[in-house]
Structures are given as structure tokens and as C-alpha cells.
>>> print(open('entry35.csv').read())   # CSV, C-alpha atoms and all ligand atoms
chain,number,residue,atom,x,y,z
A,1,MET,CA,0.0,0.0,0.0
A,2,ALA,CA,3.0,2.3,0.6
A,3,GLU,CA,2.9,3.6,-3.0
A,4,ASN,CA,-0.8,4.5,-2.7
A,5,GLN,CA,-0.7,6.5,0.5
A,6,GLU,CA,-0.7,9.8,-1.3
A,7,CYS,CA,-3.8,8.8,-3.4
A,8,SER,CA,-6.1,9.5,-0.5
A,9,SER,CA,-6.2,13.1,-1.5
A,10,SER,CA,-6.5,14.1,-5.2
A,11,ALA,CA,-4.7,17.3,-4.4
A,12,SER,CA,-1.6,15.3,-3.7
A,13,CYS,CA,-1.8,13.5,-7.1
A,14,SER,CA,1.1,14.0,-9.4
A,15,ARG,CA,2.4,12.0,-12.3
A,16,GLU,CA,5.2,10.5,-10.1
A,17,SER,CA,3.0,9.8,-7.1
A,18,CYS,CA,0.3,8.0,-9.2
A,19,GLU,CA,2.8,5.6,-10.8
A,20,GLY,CA,2.0,2.1,-9.4
A,21,CYS,CA,-1.5,3.1,-8.3
A,22,PRO,CA,-3.9,0.2,-9.1
A,23,SER,CA,-6.5,2.6,-10.3
A,24,LYS,CA,-4.1,3.8,-12.9
A,25,GLN,CA,-3.3,0.3,-14.1
A,26,GLN,CA,-6.9,-0.8,-14.5
A,27,PRO,CA,-9.2,1.0,-17.0
A,28,GLN,CA,-12.2,2.4,-15.2
A,29,SER,CA,-15.4,0.3,-15.6
A,30,PHE,CA,-18.6,2.0,-16.5
A,31,GLN,CA,-20.6,-1.3,-16.4
A,32,VAL,CA,-23.9,-1.2,-14.6
A,33,GLU,CA,-25.5,-4.0,-12.6
A,34,PRO,CA,-28.4,-5.8,-14.3
A,35,ASN,CA,-31.7,-6.2,-12.5
A,36,PRO,CA,-31.4,-8.7,-9.6
A,37,PHE,CA,-33.8,-11.0,-11.5
A,38,THR,CA,-31.5,-11.2,-14.5
A,39,VAL,CA,-28.8,-13.7,-15.2
A,40,VAL,CA,-27.4,-13.5,-18.8
A,41,LYS,CA,-24.7,-15.9,-20.0
A,42,LYS,CA,-23.8,-14.1,-23.2
A,43,VAL,CA,-24.6,-10.5,-24.4
A,44,ILE,CA,-24.3,-10.2,-28.2
A,45,GLY,CA,-24.5,-6.8,-29.9
A,46,VAL,CA,-25.7,-6.6,-33.5
A,47,VAL,CA,-24.4,-3.5,-35.2
A,48,SER,CA,-24.4,-1.9,-38.7
A,49,GLY,CA,-22.6,1.1,-40.2
A,50,LYS,CA,-25.8,2.6,-41.7
A,51,GLY,CA,-29.5,2.2,-41.5
A,52,GLY,CA,-31.7,-0.2,-43.4
A,53,VAL,CA,-29.2,-3.0,-44.0
A,54,GLY,CA,-31.3,-5.6,-42.2
A,55,LYS,CA,-29.8,-5.4,-38.7
A,56,SER,CA,-33.1,-6.1,-36.9
A,57,LEU,CA,-33.9,-8.9,-39.2
A,58,VAL,CA,-30.5,-10.5,-38.5
A,59,THR,CA,-30.9,-9.9,-34.7
A,60,ALA,CA,-34.3,-11.6,-34.8
A,61,SER,CA,-33.0,-14.5,-37.0
A,62,LEU,CA,-30.2,-15.2,-34.6
A,63,ALA,CA,-32.6,-15.1,-31.7
A,64,ASN,CA,-34.9,-17.5,-33.4
A,65,ALA,CA,-32.0,-19.8,-34.3
A,66,MET,CA,-30.7,-20.0,-30.8
A,67,ARG,CA,-34.2,-20.4,-29.4
A,68,GLU,CA,-34.7,-23.3,-31.8
A,69,LYS,CA,-31.5,-24.9,-30.4
A,70,GLY,CA,-33.2,-24.9,-27.0
A,71,TYR,CA,-31.6,-21.8,-25.5
A,72,GLU,CA,-33.3,-19.1,-23.4
A,73,VAL,CA,-33.1,-15.9,-25.5
A,74,GLY,CA,-33.9,-12.2,-25.2
A,75,ILE,CA,-33.7,-9.2,-27.5
A,76,LEU,CA,-33.0,-5.8,-26.1
A,77,ASP,CA,-34.1,-3.3,-28.7
A,78,ALA,CA,-31.6,-0.5,-28.4
A,79,ASP,CA,-32.7,1.1,-31.6
A,80,ILE,CA,-34.8,3.6,-29.6
A,81,THR,CA,-35.7,5.9,-32.4
A,82,GLY,CA,-36.4,3.2,-35.0
A,83,PRO,CA,-37.6,0.2,-33.0
A,84,SER,CA,-38.7,-2.7,-35.3
A,85,ILE,CA,-38.4,-5.8,-33.2
A,86,PRO,CA,-41.9,-5.7,-31.5
A,87,LYS,CA,-43.6,-5.3,-34.8
A,88,MET,CA,-41.7,-8.2,-36.3
A,89,TYR,CA,-43.0,-10.5,-33.6
A,90,GLY,CA,-46.5,-8.9,-33.4
A,91,LEU,CA,-45.9,-7.7,-29.8
A,92,HIS,CA,-47.6,-4.8,-28.2
A,93,GLY,CA,-47.6,-3.1,-24.8
A,94,PRO,CA,-48.4,-2.5,-22.1
A,95,LEU,CA,-46.0,-4.6,-20.1
A,96,SER,CA,-46.5,-5.9,-16.6
A,97,ALA,CA,-44.3,-4.6,-13.8
A,98,THR,CA,-43.7,-5.0,-10.1
A,99,ASP,CA,-41.7,-3.0,-7.6
A,100,GLU,CA,-38.7,-5.2,-8.6
A,101,GLY,CA,-38.8,-4.4,-12.3
A,102,ILE,CA,-40.6,-4.8,-15.7
A,103,PHE,CA,-41.4,-8.1,-17.3
A,104,PRO,CA,-40.3,-8.3,-21.0
A,105,ALA,CA,-42.8,-9.2,-23.6
A,106,GLU,CA,-42.6,-12.8,-25.0
A,107,ALA,CA,-42.9,-13.7,-28.6
A,108,GLU,CA,-44.7,-16.9,-29.7
A,109,ASN,CA,-41.5,-18.8,-29.9
A,110,GLY,CA,-40.5,-17.7,-26.3
A,111,VAL,CA,-38.0,-15.0,-27.3
A,112,LYS,CA,-38.2,-12.2,-24.7
A,113,VAL,CA,-38.3,-8.7,-26.0
A,114,MET,CA,-37.9,-5.2,-24.5
A,115,SER,CA,-38.3,-2.2,-26.7
A,116,VAL,CA,-39.4,1.4,-26.3
A,117,ASN,CA,-42.4,0.6,-28.5
A,118,LEU,CA,-43.8,-1.6,-25.8
A,119,ILE,CA,-43.8,1.2,-23.2
A,120,MET,CA,-44.9,4.1,-25.3
A,121,PRO,CA,-48.6,5.1,-24.6
A,122,ASN,CA,-49.1,5.2,-28.4
A,123,GLU,CA,-46.7,3.1,-30.4
A,124,GLU,CA,-47.1,5.2,-33.5
A,125,ASP,CA,-45.7,8.3,-31.7
A,126,PRO,CA,-42.2,9.2,-32.6
A,127,VAL,CA,-39.5,9.1,-29.9
A,128,ILE,CA,-38.3,12.7,-29.9
A,129,TRP,CA,-35.7,12.5,-27.2
A,130,ARG,CA,-32.2,13.8,-26.9
A,131,GLY,CA,-29.1,11.5,-27.0
A,132,PRO,CA,-28.5,11.2,-23.2
A,133,ILE,CA,-32.1,10.3,-22.5
A,134,ILE,CA,-32.0,7.7,-25.3
A,135,ALA,CA,-28.7,6.2,-24.0
A,136,ASN,CA,-30.2,6.2,-20.4
A,137,THR,CA,-33.3,4.3,-21.6
A,138,VAL,CA,-31.0,1.6,-23.0
A,139,LYS,CA,-29.3,1.3,-19.6
A,140,GLN,CA,-32.7,1.0,-17.9
A,141,PHE,CA,-33.6,-1.8,-20.2
A,142,TRP,CA,-30.7,-3.7,-18.6
A,143,GLN,CA,-31.1,-2.4,-15.0
A,144,GLU,CA,-34.9,-2.5,-14.7
A,145,VAL,CA,-36.1,-5.3,-16.9
A,146,MET,CA,-36.4,-8.7,-15.2
A,147,TRP,CA,-34.9,-10.8,-18.0
A,148,GLY,CA,-34.7,-14.0,-15.9
A,149,ASP,CA,-32.1,-16.6,-16.8
A,150,LEU,CA,-31.0,-16.1,-20.4
A,151,ASP,CA,-28.4,-18.0,-22.4
A,152,PHE,CA,-28.3,-15.2,-25.0
A,153,LEU,CA,-29.3,-11.5,-24.9
A,154,PHE,CA,-29.1,-9.9,-28.4
A,155,VAL,CA,-28.8,-6.2,-28.4
A,156,ASP,CA,-30.2,-4.6,-31.6
A,157,MET,CA,-28.1,-1.4,-31.9
A,158,PRO,CA,-29.0,1.7,-33.7
A,159,PRO,CA,-27.0,2.1,-36.9
A,160,GLY,CA,-23.6,3.8,-36.7
A,161,THR,CA,-21.1,4.4,-34.0
A,162,GLY,CA,-22.8,7.1,-31.9
A,163,ASP,CA,-23.9,7.6,-28.4
A,164,VAL,CA,-26.1,4.5,-27.9
A,165,PRO,CA,-23.6,1.9,-29.2
A,166,LEU,CA,-21.0,3.6,-27.0
A,167,THR,CA,-23.3,3.4,-23.9
A,168,VAL,CA,-24.1,-0.2,-24.6
A,169,PHE,CA,-20.4,-1.1,-25.0
A,170,GLN,CA,-19.5,0.7,-21.8
A,171,SER,CA,-22.5,-0.3,-19.6
A,172,LEU,CA,-23.3,-3.8,-20.6
A,173,PRO,CA,-21.0,-6.8,-20.4
A,174,VAL,CA,-21.0,-7.3,-24.2
A,175,ASP,CA,-19.3,-10.6,-25.1
A,176,GLY,CA,-19.1,-10.0,-28.8
A,177,ILE,CA,-20.6,-8.2,-31.8
A,178,VAL,CA,-21.9,-9.3,-35.1
A,179,ILE,CA,-21.5,-6.7,-37.9
A,180,VAL,CA,-24.3,-6.5,-40.6
A,181,THR,CA,-23.6,-4.9,-43.9
A,182,SER,CA,-24.9,-4.8,-47.5
A,183,PRO,CA,-22.8,-5.4,-50.6
A,184,GLN,CA,-21.6,-2.0,-51.9
A,185,ASP,CA,-18.3,-0.1,-52.3
A,186,LEU,CA,-18.2,1.4,-48.9
A,187,VAL,CA,-18.3,-2.0,-47.1
A,188,GLN,CA,-14.7,-1.9,-46.2
A,189,LEU,CA,-14.9,1.5,-44.6
A,190,ILE,CA,-18.1,0.7,-42.7
A,191,VAL,CA,-16.9,-2.6,-41.4
A,192,LYS,CA,-13.6,-1.1,-40.3
A,193,LYS,CA,-15.4,1.7,-38.4
A,194,ALA,CA,-17.5,-0.9,-36.5
A,195,TYR,CA,-14.5,-3.1,-36.0
A,196,ASN,CA,-12.3,-0.2,-34.7
A,197,MET,CA,-15.0,0.9,-32.3
A,198,ALA,CA,-15.4,-2.6,-30.9
A,199,ASN,CA,-11.6,-2.9,-30.7
A,200,ALA,CA,-11.3,0.4,-28.8
A,201,MET,CA,-13.8,-1.0,-26.3
A,202,ASN,CA,-12.0,-4.4,-26.1
A,203,ILE,CA,-15.0,-6.2,-27.4
A,204,PRO,CA,-14.5,-9.2,-29.8
A,205,VAL,CA,-16.0,-9.1,-33.3
A,206,LEU,CA,-17.5,-12.5,-33.9
A,207,GLY,CA,-17.9,-11.9,-37.6
A,208,ILE,CA,-19.7,-10.2,-40.5
A,209,VAL,CA,-23.1,-11.0,-42.0
A,210,GLU,CA,-23.8,-9.7,-45.5
A,211,ASN,CA,-27.5,-9.0,-46.2
A,212,TYR,CA,-29.1,-8.4,-49.6
A,213,SER,CA,-26.3,-10.4,-51.2
A,214,TYR,CA,-28.4,-11.6,-54.1
A,215,LEU,CA,-31.9,-12.3,-55.3
A,216,LYS,CA,-32.7,-15.8,-56.5
A,217,CYS,CA,-34.8,-15.8,-59.6
A,218,PRO,CA,-37.9,-17.8,-58.7
A,219,ASP,CA,-38.1,-19.2,-62.3
A,220,CYS,CA,-34.6,-20.2,-63.2
A,221,GLY,CA,-32.8,-20.1,-59.8
A,222,LYS,CA,-30.1,-17.7,-61.1
A,223,GLU,CA,-28.6,-15.5,-58.4
A,224,ILE,CA,-28.8,-11.9,-59.4
A,225,ARG,CA,-26.4,-9.5,-57.6
A,226,VAL,CA,-28.9,-6.6,-57.2
A,227,PHE,CA,-26.4,-4.4,-55.4
A,228,GLY,CA,-23.4,-5.4,-57.4
A,229,GLU,CA,-20.5,-7.7,-56.6
A,230,SER,CA,-19.8,-8.4,-52.9
A,231,HIS,CA,-16.6,-7.2,-51.3
A,232,ILE,CA,-17.3,-8.8,-48.0
A,233,ASP,CA,-14.7,-11.5,-48.3
A,234,GLU,CA,-11.9,-9.0,-49.0
A,235,ALA,CA,-13.0,-6.8,-46.0
A,236,ALA,CA,-13.2,-9.9,-43.8
A,237,LYS,CA,-9.8,-11.1,-44.9
A,238,GLU,CA,-8.1,-7.8,-44.3
A,239,LEU,CA,-9.4,-7.7,-40.7
A,240,ASN,CA,-9.0,-11.4,-40.1
A,241,LEU,CA,-12.8,-11.8,-39.5
A,242,SER,CA,-15.1,-14.6,-40.4
A,243,VAL,CA,-18.0,-14.1,-42.8
A,244,LEU,CA,-20.9,-15.6,-40.8
A,245,GLY,CA,-23.4,-15.6,-43.6
A,246,LYS,CA,-24.6,-14.2,-46.9
A,247,MET,CA,-28.3,-13.6,-47.0
A,248,PRO,CA,-30.3,-13.2,-50.2
A,249,ILE,CA,-33.3,-10.9,-50.5
A,250,GLU,CA,-35.9,-13.2,-49.4
A,251,PRO,CA,-39.5,-11.9,-49.8
A,252,ALA,CA,-40.8,-14.5,-47.3
A,253,PHE,CA,-38.7,-12.8,-44.6
A,254,ALA,CA,-40.1,-9.4,-45.4
A,255,GLU,CA,-43.6,-10.8,-45.4
A,256,LEU,CA,-43.3,-12.6,-42.0
A,257,SER,CA,-41.8,-9.5,-40.6
A,258,ASP,CA,-44.5,-7.2,-41.9
A,259,GLN,CA,-47.2,-9.6,-40.6
A,260,GLY,CA,-45.7,-9.8,-37.1
A,261,LYS,CA,-45.0,-13.5,-37.6
A,262,PHE,CA,-41.3,-13.5,-37.5
A,263,ALA,CA,-41.3,-16.1,-34.7
A,264,GLU,CA,-42.0,-18.6,-37.5
A,265,ALA,CA,-39.0,-17.5,-39.6
A,266,LYS,CA,-36.2,-19.9,-40.1
A,267,ASN,CA,-33.1,-18.3,-41.6
A,268,GLU,CA,-30.8,-21.1,-42.7
A,269,TYR,CA,-28.4,-18.6,-44.2
A,270,LEU,CA,-27.2,-17.8,-40.7
A,271,SER,CA,-26.5,-21.3,-39.4
A,272,ALA,CA,-22.8,-20.6,-39.4
A,273,ALA,CA,-23.4,-17.5,-37.2
A,274,ALA,CA,-25.6,-19.5,-34.8
A,275,PHE,CA,-22.9,-22.2,-34.6
A,276,LYS,CA,-20.3,-19.5,-33.8
A,277,LEU,CA,-22.4,-18.1,-31.0
A,278,GLU,CA,-22.3,-21.5,-29.2
A,279,GLU,CA,-18.4,-21.5,-29.2
A,301,LIG,N1,-32.8,-10.5,-46.6
A,301,LIG,C1,-34.0,-9.8,-46.6
A,301,LIG,N2,-35.0,-10.1,-47.5
A,301,LIG,C2,-36.1,-9.5,-47.5
A,301,LIG,N3,-36.4,-8.4,-46.8
A,301,LIG,C3,-35.5,-8.0,-45.9
A,301,LIG,C4,-34.2,-8.7,-45.8
A,301,LIG,N4,-33.5,-8.0,-44.8
A,301,LIG,C5,-34.3,-7.0,-44.4
A,301,LIG,N5,-35.4,-7.0,-45.0
A,301,LIG,C6,-36.5,-6.0,-44.8
A,301,LIG,O1,-36.0,-4.7,-45.0
A,301,LIG,C7,-36.5,-3.8,-44.0
A,301,LIG,C8,-35.4,-3.2,-43.2
A,301,LIG,O2,-34.8,-4.3,-42.4
A,301,LIG,P1,-34.4,-4.0,-40.9
A,301,LIG,O3,-35.5,-3.3,-40.2
A,301,LIG,O4,-34.0,-5.4,-40.4
A,301,LIG,O5,-33.1,-3.1,-41.1
A,301,LIG,P2,-32.3,-2.3,-40.0
A,301,LIG,O6,-30.9,-2.3,-40.5
A,301,LIG,O7,-32.5,-2.9,-38.7
A,301,LIG,O8,-33.0,-0.9,-40.2
A,301,LIG,P3,-32.8,0.4,-39.2
A,301,LIG,O9,-31.5,1.0,-39.6
A,301,LIG,O10,-34.0,1.2,-39.4
A,301,LIG,O11,-32.7,-0.2,-37.8
A,301,LIG,C9,-37.5,-4.6,-43.2
A,301,LIG,O12,-38.8,-4.4,-43.8
A,301,LIG,C10,-37.1,-6.1,-43.4
A,301,LIG,O13,-38.2,-7.0,-43.3
>>> encode(input="entry35.csv", output="C-alpha cells")
Amino acid sequence: MAENQECSSSASCSRESCEGCPSKQQPQSFQVEPNPFTVVKKVIGVVSGKGGVGKSLVTASLANAMREKGYEVGILDADITGPSIPKMYGLHGPLSATDEGIFPAEAENGVKVMSVNLIMPNEEDPVIWRGPIIANTVKQFWQEVMWGDLDFLFVDMPPGTGDVPLTVFQSLPVDGIVIVTSPQDLVQLIVKKAYNMANAMNIPVLGIVENYSYLKCPDCGKEIRVFGESHIDEAAKELNLSVLGKMPIEPAFAELSDQGKFAEAKNEYLSAAAFKLEE
């Protein structure tokens, strides 16, 4: 303790006196405690560089896949201003709550869901909140929701590398992220940004999923590259990452999602990703 004696007063801190102090050696943790009725084995973030690439669809597909394997699964919808998970599963508020916390909604296949859309008085109202309130809401979804015992909690992040992903990475014990992207020229840049952010926060990147890779002609079976040739393999190779799946445009997925029946969706294009999550 001798080297720490001076640390009792911040006024006595100097570069020399702080050398050897344990607080200097360990990065400060901003992690917050989950609700006492929550025990989660793995927290997986699903991120994308930009909006509309199918991040929510990938999140829900992974949740379904793990559920089908027999795991207890939840989705924390951190996309506060663009929540789509409840609609995909046909879920609506209000939610039950006790003094101890809020119960998440449960989809037909048993996937538990928490989203701002489930607690808004009118789910069609836009969320017009400033960044810190949005980030705080995500933290509350961790601290105040009674998730129970979960094997996997998937966090559907808002697109980009802004305030909310930062809060999630800092506050929740994220075990890894999956990056979702679409095939276009910027893919390398977008994937690198997400990769660098995760790296800066010491969070492993489990791999990349490419969505909208192709469209299969219903008549001849030919694969049409609607958004051009994929560059995902080069991007993955450069960063030493795995490609966890290439998903075509699949009208059945859009339909199930629009009808609130995504609990029925089986996305075989992501079986490698589901396998990776079990490692
Ligand atoms: N592979 C696919 N085939 C068919 N439809 C798809 C596919 N991927 C996504 N979609 C549809 O595209 C729309 C956008 O997808 P989704 O909401 O998952 O994107 P997102 O990246 O989460 O968007 P946001 O940036 O708004 O959060 C949805 O209607 C979804 O059903």
C-alpha cells in the first residue's frame, strides 16, 4: 500500500505519485449491474454502419436460431428511435411490472423482447428524445427489466457508431458483436469503423453478415447481384474476421416481418453464425 498512500487526496496526485497506483493500471469500468432478476450468460451486440441493412432482421433471425436450439433468448431493442423488433414479432404493450422491475414481452417462440415501442402510450408516436435520454433508456432496459435466466441476450443497436452503441459497449458486459452490412463499395470503410469501435472497447468481433447479397430468380434459380458484386470476403480477410453468412433478398422474410409473424421465420443462411455463438 505504501505507493498508494498519497492517493487518499486528489490534491496530492502527481504524475510521479500516481505511478503504481492500481486505479491507474486498470481501466475504469462504467458497467452497470443488471436487474437482480436477470442472469445472462452471453450478451451479443448486432451492429451496422448505416440504416436499413437488415440489422433487426439479422438480430431476430439469430434469436430464433438460438431459441430453436433450445436456449433461453432475449432481444434488447436498443434502436430507440427506430424500433422494429416488437412489430416483427407482433408484440404490443403495455407490459407488466412490479416494484422489482418490468417483465419483458414474450414472442410466440418464447423469445423475450424489450423495446421502447412496448412502453410508449401510443406506439405510433415518434421518440423525440435527446441523446443522453436515449442512452439512459437503453441502460434502464438492462437495469430495470427482469430478463430472468437467459443464455443469450441480443442487443439490436441503432445504426452507426454514436452515443447509444457507446453506452451499450460501456455499460453492458458485451461478449461480442456481429456486424451486418450490405454489398456495396463502402463496405470496407463501414466494417472497419464498427471493427475499430469494438476494438477500442475491447469487445471481440464475432464476424460479419452480408445481407441483400443476391436475389434468387424464382423461375430459373439464377442468383442476381442486385447491389453489385460483394466485397465482404476482402473486407473480412483484411481484418481477419469470419463471414458468418450471406443472406439473399428473401421476400418470405419481409412478409413474415410485416405480418408480425417473425417467430415462424427460419433463416438457414445464418446457421454458421448460430454455430459461432455456441463456441
Ligand atoms: N434479406 C432480406 N430479405 C427481404 N427483406 C429484408 C431482408 N433483410 C431485411 N429486409 C426487410 O428490409 C427492411 C429493413 O430491415 P431491418 O429493419 O432489419 O433493417 P435495419 O438495418 O434494422 O434498419 P434500421 O436502420 O431502421 O434499424 C424490413 O422491412 C425487413 O423486413
>>> residues_around(input="entry35.csv", residues="segment 188-194 of chain A", least_positions_apart="6", cutoff="7 Å", atoms="only C-alpha atoms", output="PyMOL selection string")
chain A and resi 49+161+235
>>> atom_distance(input="entry35.csv", atom1="atom CA of Phe103 of chain A", atom2="atom CA of Asp151 of chain A")
17.1 Å
>>> atom_distance(input="entry35.csv", atom1="atom CA of Pro83 of chain A", atom2="atom CA of Glu264 of chain A")
19.8 Å
>>> closest_residue(input="entry35.csv", among="A:Trp129, A:Tyr89, A:Phe152, A:Tyr212", to="ligand LIG 301 (chain A)", atoms="only C-alpha atoms and all ligand atoms")
A:Tyr212
>>> atom_distance(input="entry35.csv", atom1="atom CA of Ser56 of chain A", atom2="atom CA of Ile85 of chain A")
6.5 Å
>>> closest_residue(input="entry35.csv", among="A:Val138, A:Leu215, A:Leu239, A:Val168", to="ligand LIG 301 (chain A)", atoms="only C-alpha atoms and all ligand atoms")
A:Leu215
>>> closest_residue(input="entry35.csv", among="A:Asn136, A:Ser213, A:Gln170, A:Ser29", to="ligand LIG 301 (chain A)", atoms="all atoms listed in the file")
A:Ser213
>>> residues_near_ligand(input="entry35.csv", ligand="ligand LIG 301 (chain A)", cutoff="10 Å", atoms="all atoms listed in the file", output="NGL selection string")
:A and (46-61 or 77-85 or 87-88 or 156-160 or 180-182 or 210-215 or 246-259 or 262 or 267 or 269)
>>> closest_residue(input="entry35.csv", among="A:Pro173, A:Gly74, A:Gly148, A:Pro126", to="Thr38 of chain A", atoms="all atoms listed in the file")
A:Gly148
>>> residues_around(input="entry35.csv", residues="Leu150 of chain A", least_positions_apart="4", cutoff="6 Å", atoms="all atoms listed in the file", output="PyMOL selection string")
chain A and resi 40+72-73
>>> write_last_selection(input="entry35.csv", atoms="C-alpha atoms", output="mmCIF file, in the coordinates of the input")
data_model
loop_
_atom_site.group_PDB
_atom_site.id
_atom_site.type_symbol
_atom_site.label_atom_id
_atom_site.label_comp_id
_atom_site.auth_asym_id
_atom_site.auth_seq_id
_atom_site.Cartn_x
_atom_site.Cartn_y
_atom_site.Cartn_z
ATOM 1 C CA VAL A 40 -27.400 -13.500 -18.800
ATOM 2 C CA GLU A 72 -33.300 -19.100 -23.400
ATOM 3 C CA VAL A 73 -33.100 -15.900 -25.500
#
>>> closest_residue(input="entry35.csv", among="A:Leu206, A:Leu76, A:Ile119, A:Ala97", to="Glu278 of chain A", atoms="only C-alpha atoms")
A:Leu206
>>> decode(input="entry35.csv", residues="segment 195-209 of chain A", atoms="N, CA and C atoms", output="PDB file, in the first residue's frame")
ATOM      1  N   TYR A 195     -15.554  -2.262 -36.557  1.00  0.00           N
ATOM      2  CA  TYR A 195     -14.480  -3.103 -36.014  1.00  0.00           C
ATOM      3  C   TYR A 195     -13.586  -2.294 -35.078  1.00  0.00           C
ATOM      4  N   ASN A 196     -13.223  -1.075 -35.520  1.00  0.00           N
ATOM      5  CA  ASN A 196     -12.339  -0.235 -34.702  1.00  0.00           C
ATOM      6  C   ASN A 196     -13.014   0.202 -33.411  1.00  0.00           C
ATOM      7  N   MET A 197     -14.315   0.469 -33.494  1.00  0.00           N
ATOM      8  CA  MET A 197     -15.026   0.873 -32.279  1.00  0.00           C
ATOM      9  C   MET A 197     -15.023  -0.286 -31.270  1.00  0.00           C
ATOM     10  N   ALA A 198     -15.353  -1.479 -31.756  1.00  0.00           N
ATOM     11  CA  ALA A 198     -15.369  -2.641 -30.863  1.00  0.00           C
ATOM     12  C   ALA A 198     -13.978  -2.880 -30.280  1.00  0.00           C
ATOM     13  N   ASN A 199     -12.968  -2.723 -31.116  1.00  0.00           N
ATOM     14  CA  ASN A 199     -11.589  -2.918 -30.661  1.00  0.00           C
ATOM     15  C   ASN A 199     -11.208  -1.924 -29.582  1.00  0.00           C
ATOM     16  N   ALA A 200     -11.631  -0.678 -29.787  1.00  0.00           N
ATOM     17  CA  ALA A 200     -11.312   0.363 -28.805  1.00  0.00           C
ATOM     18  C   ALA A 200     -11.959   0.051 -27.460  1.00  0.00           C
ATOM     19  N   MET A 201     -13.084  -0.682 -27.508  1.00  0.00           N
ATOM     20  CA  MET A 201     -13.778  -1.004 -26.253  1.00  0.00           C
ATOM     21  C   MET A 201     -13.424  -2.428 -25.786  1.00  0.00           C
ATOM     22  N   ASN A 202     -12.430  -3.038 -26.448  1.00  0.00           N
ATOM     23  CA  ASN A 202     -12.001  -4.402 -26.080  1.00  0.00           C
ATOM     24  C   ASN A 202     -13.106  -5.437 -26.221  1.00  0.00           C
ATOM     25  N   ILE A 203     -13.941  -5.285 -27.223  1.00  0.00           N
ATOM     26  CA  ILE A 203     -15.039  -6.244 -27.425  1.00  0.00           C
ATOM     27  C   ILE A 203     -14.747  -7.063 -28.690  1.00  0.00           C
ATOM     28  N   PRO A 204     -14.767  -8.382 -28.592  1.00  0.00           N
ATOM     29  CA  PRO A 204     -14.463  -9.203 -29.772  1.00  0.00           C
ATOM     30  C   PRO A 204     -15.517  -9.057 -30.871  1.00  0.00           C
ATOM     31  N   VAL A 205     -15.039  -9.062 -32.111  1.00  0.00           N
ATOM     32  CA  VAL A 205     -15.965  -9.080 -33.253  1.00  0.00           C
ATOM     33  C   VAL A 205     -16.116 -10.538 -33.665  1.00  0.00           C
ATOM     34  N   LEU A 206     -17.341 -11.065 -33.593  1.00  0.00           N
ATOM     35  CA  LEU A 206     -17.549 -12.483 -33.894  1.00  0.00           C
ATOM     36  C   LEU A 206     -17.542 -12.741 -35.395  1.00  0.00           C
ATOM     37  N   GLY A 207     -17.918 -11.725 -36.168  1.00  0.00           N
ATOM     38  CA  GLY A 207     -17.902 -11.892 -37.614  1.00  0.00           C
ATOM     39  C   GLY A 207     -18.857 -10.938 -38.309  1.00  0.00           C
ATOM     40  N   ILE A 208     -18.924 -11.104 -39.637  1.00  0.00           N
ATOM     41  CA  ILE A 208     -19.742 -10.207 -40.454  1.00  0.00           C
ATOM     42  C   ILE A 208     -20.842 -11.003 -41.156  1.00  0.00           C
ATOM     43  N   VAL A 209     -22.022 -10.393 -41.224  1.00  0.00           N
ATOM     44  CA  VAL A 209     -23.117 -10.978 -42.013  1.00  0.00           C
ATOM     45  C   VAL A 209     -23.396 -10.010 -43.158  1.00  0.00           C
TER      46      VAL A 209
END
